[in-house]
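work06.cif (mmCIF, C-alpha atoms; chains and numbers go by the auth columns) appears below.
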```cif
data_upload
loop_
_atom_site.group_PDB
_atom_site.id
_atom_site.type_symbol
_atom_site.label_atom_id
_atom_site.label_comp_id
_atom_site.label_asym_id
_atom_site.label_seq_id
_atom_site.Cartn_x
_atom_site.Cartn_y
_atom_site.Cartn_z
_atom_site.B_iso_or_equiv
_atom_site.auth_seq_id
_atom_site.auth_asym_id
ATOM 1 C CA MET A 1 -7.033 -6.630 -5.064 0.00 10 A
ATOM 2 C CA GLY A 2 -4.788 -4.579 -2.843 0.00 11 A
ATOM 3 C CA ARG A 3 -1.694 -6.144 -1.356 0.00 12 A
ATOM 4 C CA LEU A 4 -2.606 -8.379 1.563 0.00 13 A
ATOM 5 C CA THR A 5 -0.714 -7.209 4.600 0.00 14 A
ATOM 6 C CA ARG A 6 -1.687 -9.935 7.030 0.00 15 A
ATOM 7 C CA ARG A 7 -2.916 -13.472 7.294 0.00 16 A
ATOM 8 C CA LEU A 8 -6.342 -14.320 8.604 0.00 17 A
ATOM 9 C CA GLY A 9 -6.677 -16.162 11.884 0.00 18 A
ATOM 10 C CA ASP A 10 -8.730 -19.350 11.950 0.00 19 A
ATOM 11 C CA ALA A 11 -11.954 -17.666 13.103 0.00 20 A
ATOM 12 C CA GLU A 12 -11.548 -14.813 10.605 0.00 21 A
ATOM 13 C CA LEU A 13 -10.930 -17.295 7.813 0.00 22 A
ATOM 14 C CA GLU A 14 -14.110 -19.185 8.719 0.00 23 A
ATOM 15 C CA ILE A 15 -16.057 -15.920 8.527 0.00 24 A
ATOM 16 C CA MET A 16 -14.512 -15.002 5.182 0.00 25 A
ATOM 17 C CA GLN A 17 -15.303 -18.473 3.811 0.00 26 A
ATOM 18 C CA VAL A 18 -18.960 -18.002 4.757 0.00 27 A
ATOM 19 C CA ILE A 19 -19.006 -14.636 3.006 0.00 28 A
ATOM 20 C CA TRP A 20 -17.156 -15.894 -0.086 0.00 29 A
ATOM 21 C CA GLU A 21 -19.509 -18.864 -0.383 0.00 30 A
ATOM 22 C CA SER A 22 -22.566 -16.613 -0.075 0.00 31 A
ATOM 23 C CA GLY A 23 -21.675 -14.930 -3.355 0.00 32 A
ATOM 24 C CA GLY A 24 -22.805 -11.483 -2.226 0.00 33 A
ATOM 25 C CA ALA A 25 -23.395 -9.120 0.647 0.00 34 A
ATOM 26 C CA VAL A 26 -24.350 -10.609 4.006 0.00 35 A
ATOM 27 C CA ARG A 27 -25.574 -9.472 7.392 0.00 36 A
ATOM 28 C CA SER A 28 -23.979 -10.433 10.691 0.00 37 A
ATOM 29 C CA THR A 29 -26.985 -12.630 11.513 0.00 38 A
ATOM 30 C CA TYR A 30 -26.324 -14.660 8.344 0.00 39 A
ATOM 31 C CA VAL A 31 -22.691 -15.213 9.368 0.00 40 A
ATOM 32 C CA GLN A 32 -23.727 -16.196 12.891 0.00 41 A
ATOM 33 C CA GLN A 33 -26.288 -18.677 11.537 0.00 42 A
ATOM 34 C CA GLN A 34 -23.848 -20.257 9.086 0.00 43 A
ATOM 35 C CA LEU A 35 -21.189 -20.724 11.767 0.00 44 A
ATOM 36 C CA LYS A 36 -23.443 -21.912 14.582 0.00 45 A
ATOM 37 C CA GLU A 37 -22.320 -25.545 14.322 0.00 46 A
ATOM 38 C CA GLN A 38 -18.625 -24.606 14.379 0.00 47 A
ATOM 39 C CA ARG A 39 -18.725 -21.669 16.786 0.00 48 A
ATOM 40 C CA ASP A 40 -21.401 -20.713 19.262 0.00 49 A
ATOM 41 C CA TRP A 41 -20.863 -16.959 18.969 0.00 50 A
ATOM 42 C CA SER A 42 -23.150 -14.244 20.192 0.00 51 A
ATOM 43 C CA LEU A 43 -24.206 -11.650 17.651 0.00 52 A
ATOM 44 C CA PRO A 44 -21.975 -8.977 19.261 0.00 53 A
ATOM 45 C CA ALA A 45 -18.972 -11.329 18.939 0.00 54 A
ATOM 46 C CA VAL A 46 -19.704 -11.849 15.236 0.00 55 A
ATOM 47 C CA ALA A 47 -20.139 -8.087 14.764 0.00 56 A
ATOM 48 C CA THR A 48 -16.778 -7.448 16.447 0.00 57 A
ATOM 49 C CA ALA A 49 -15.031 -9.948 14.189 0.00 58 A
ATOM 50 C CA LEU A 50 -16.682 -8.428 11.113 0.00 59 A
ATOM 51 C CA SER A 51 -15.591 -4.953 12.219 0.00 60 A
ATOM 52 C CA ARG A 52 -11.990 -6.154 12.487 0.00 61 A
ATOM 53 C CA LEU A 53 -12.202 -7.555 8.971 0.00 62 A
ATOM 54 C CA VAL A 54 -13.494 -4.175 7.764 0.00 63 A
ATOM 55 C CA GLU A 55 -10.657 -2.351 9.555 0.00 64 A
ATOM 56 C CA THR A 56 -8.040 -4.609 7.977 0.00 65 A
ATOM 57 C CA GLY A 57 -9.428 -4.209 4.454 0.00 66 A
ATOM 58 C CA PHE A 58 -10.891 -7.661 3.910 0.00 67 A
ATOM 59 C CA LEU A 59 -14.519 -6.458 3.964 0.00 68 A
ATOM 60 C CA SER A 60 -16.537 -3.350 3.195 0.00 69 A
ATOM 61 C CA CYS A 61 -19.480 -2.371 5.333 0.00 70 A
ATOM 62 C CA GLU A 62 -22.496 -0.355 4.303 0.00 71 A
ATOM 63 C CA LYS A 63 -25.447 0.606 6.422 0.00 72 A
ATOM 64 C CA GLU A 64 -28.784 -0.765 5.234 0.00 73 A
ATOM 65 C CA GLY A 65 -31.834 -0.178 7.369 0.00 74 A
ATOM 66 C CA ARG A 66 -31.081 -1.068 10.960 0.00 75 A
ATOM 67 C CA GLY A 67 -28.175 -3.321 10.069 0.00 76 A
ATOM 68 C CA ASN A 68 -25.007 -3.527 8.048 0.00 77 A
ATOM 69 C CA LEU A 69 -24.180 -5.373 4.851 0.00 78 A
ATOM 70 C CA TYR A 70 -20.694 -6.849 4.516 0.00 79 A
ATOM 71 C CA ARG A 71 -19.020 -7.516 1.164 0.00 80 A
ATOM 72 C CA PRO A 72 -15.604 -9.036 0.492 0.00 81 A
ATOM 73 C CA LEU A 73 -12.909 -6.711 -0.785 0.00 82 A
ATOM 74 C CA VAL A 74 -10.498 -9.628 -1.210 0.00 83 A
ATOM 75 C CA SER A 75 -11.597 -12.592 -3.316 0.00 84 A
ATOM 76 C CA ALA A 76 -11.162 -16.159 -2.153 0.00 85 A
ATOM 77 C CA ALA A 77 -8.941 -16.880 -5.170 0.00 86 A
ATOM 78 C CA ASP A 78 -6.651 -13.924 -4.415 0.00 87 A
ATOM 79 C CA TYR A 79 -6.337 -14.876 -0.758 0.00 88 A
ATOM 80 C CA GLN A 80 -5.681 -18.527 -1.617 0.00 89 A
ATOM 81 C CA ALA A 81 -2.990 -17.530 -4.115 0.00 90 A
ATOM 82 C CA VAL A 82 -1.156 -15.360 -1.583 0.00 91 A
ATOM 83 C CA GLU A 83 -1.477 -17.926 1.201 0.00 92 A
ATOM 84 C CA GLY A 84 -0.482 -20.764 -1.135 0.00 93 A
ATOM 85 C CA ARG A 85 2.714 -18.966 -2.152 0.00 94 A
ATOM 86 C CA SER A 86 3.451 -18.166 1.486 0.00 95 A
ATOM 87 C CA LEU A 87 2.917 -21.775 2.581 0.00 96 A
ATOM 88 C CA LEU A 88 5.066 -23.103 -0.241 0.00 97 A
ATOM 89 C CA HIS A 89 7.853 -20.684 0.671 0.00 98 A
ATOM 90 C CA ARG A 90 7.722 -21.062 4.464 0.00 99 A
ATOM 91 C CA LEU A 91 7.308 -24.830 4.754 0.00 100 A
ATOM 92 C CA TYR A 92 8.831 -26.219 1.574 0.00 101 A
ATOM 93 C CA GLY A 93 11.482 -23.704 0.523 0.00 102 A
ATOM 94 C CA ASP A 94 9.540 -22.940 -2.674 0.00 103 A
ATOM 95 C CA SER A 95 9.687 -26.610 -3.704 0.00 104 A
ATOM 96 C CA PHE A 96 6.344 -27.688 -5.129 0.00 105 A
ATOM 97 C CA THR A 97 7.699 -31.208 -5.582 0.00 106 A
ATOM 98 C CA GLY A 98 8.745 -31.264 -1.922 0.00 107 A
ATOM 99 C CA MET A 99 5.279 -30.184 -0.875 0.00 108 A
ATOM 100 C CA VAL A 100 3.518 -32.829 -2.982 0.00 109 A
ATOM 101 C CA ALA A 101 5.945 -35.508 -1.769 0.00 110 A
ATOM 102 C CA ALA A 102 5.344 -34.568 1.884 0.00 111 A
ATOM 103 C CA LEU A 103 1.581 -34.609 1.387 0.00 112 A
ATOM 104 C CA TYR A 104 1.736 -37.974 -0.355 0.00 113 A
ATOM 105 C CA ARG A 105 4.013 -39.530 2.256 0.00 114 A
ATOM 106 C CA GLY A 106 1.760 -38.165 4.984 0.00 115 A
ATOM 107 C CA LYS A 107 -1.232 -39.762 3.246 0.00 116 A
ATOM 108 C CA ALA A 108 -2.924 -36.378 2.820 0.00 117 A
ATOM 109 C CA ILE A 109 -3.257 -37.024 -0.915 0.00 118 A
ATOM 110 C CA SER A 110 -3.902 -40.264 -2.777 0.00 119 A
ATOM 111 C CA ARG A 111 -2.736 -41.804 -6.031 0.00 120 A
ATOM 112 C CA ALA A 112 -5.992 -40.552 -7.551 0.00 121 A
ATOM 113 C CA ASP A 113 -5.086 -37.013 -6.444 0.00 122 A
ATOM 114 C CA LEU A 114 -1.685 -37.401 -8.105 0.00 123 A
ATOM 115 C CA ALA A 115 -3.339 -38.577 -11.323 0.00 124 A
ATOM 116 C CA GLU A 116 -5.663 -35.568 -11.215 0.00 125 A
ATOM 117 C CA LEU A 117 -2.660 -33.285 -10.683 0.00 126 A
ATOM 118 C CA ARG A 118 -0.847 -34.937 -13.598 0.00 127 A
ATOM 119 C CA ASP A 119 -3.874 -34.356 -15.845 0.00 128 A
ATOM 120 C CA PHE A 120 -4.064 -30.733 -14.723 0.00 129 A
ATOM 121 C CA LEU A 121 -0.371 -30.165 -15.477 0.00 130 A
ATOM 122 C CA ASP A 122 -0.786 -31.794 -18.902 0.00 131 A
ATOM 123 C CA GLU A 123 -3.675 -29.418 -19.652 0.00 132 A
ATOM 124 C CA LEU A 124 -1.568 -26.428 -18.597 0.00 133 A
ATOM 125 C CA GLU A 125 1.214 -27.488 -20.934 0.00 134 A
ATOM 126 C CA LYS A 126 -1.238 -27.841 -23.827 0.00 135 A
ATOM 127 C CA GLU A 127 -2.599 -24.343 -23.160 0.00 136 A
ATOM 128 C CA GLU A 128 0.914 -22.863 -23.282 0.00 137 A
ATOM 129 C CA GLU A 129 1.689 -24.439 -26.673 0.00 138 A
#
```
I'd like the structure from this file rewritten - as structure tokens, please.
Amino acid sequence: MGRLTRRLGDAELEIMQVIWESGGAVRSTYVQQQLKEQRDWSLPAVATALSRLVETGFLSCEKEGRGNLYRPLVSAADYQAVEGRSLLHRLYGDSFTGMVAALYRGKAISRADLAELRDFLDELEKEEE
């Protein structure tokens, strides 16, 4: 993955999530259909958003028949890693503990989530040994 130079806006992120979840190349009509409950976009509006994602290096576009096929150039995991680091830095001063504490106090995560996190961290430690 190339270095990400910008963050996705909410609408762009929704489009990328549709494409990532598809597992392959998609047409603009597929994106429009998948987003119809969240956003009532015309096909030209979807095409414009896809074009912007191509211009910014998030997608590739290849002509096929009368339409275009769009493929992700940035994986969901890579984008999440970059955005996760950015969020941790900007909001929590690089303190993972501070982030988890804020989420717990704000009731965004439960005791069960903490137990799952504890198990995950234990597994990571075992892998490093």
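Shortest atom-to-atom contact with Gly33 of chain A among A:Ile118, A:Ser69, A:Ala110, A:Ala58: A:Ser69, counting all atoms listed in the file.
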Item to check | the PyMOL selection byres ((chain A and resi 85-96) around 8) resolved against shown file, as an MDAnalysis selection string | outcome: chainID A and resid 10 13 16 26 29 83:84 97:101 103
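The smallest atom-to-atom distance between Leu68 of chain A and any of A:Val40, A:Ser51, A:Met25, A:Ser104, using all atoms listed in the file, is found for A:Met25.
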Padding 8 Å on every side, please: axis-aligned box over the listed atoms of segment 20-27 of chain A, centre and edge lengths to one decimal in Å, as JSON.
```
{"center_x": -14.9, "center_y": -17.0, "center_z": 8.5, "size_x": 24.0, "size_y": 20.4, "size_z": 25.3}
```
Checklist entry - What is the atom CA of Glu46 of chain A to atom CA of Arg75 of chain A distance in Å? => result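 Interatomic distance, atom CA of Glu46 of chain A to atom CA of Arg75 of chain A: 26.2 Å.
Between atom CA of Arg48 of chain A and atom CA of Ala20 of chain A the interatomic distance comes to 8.7 Å.
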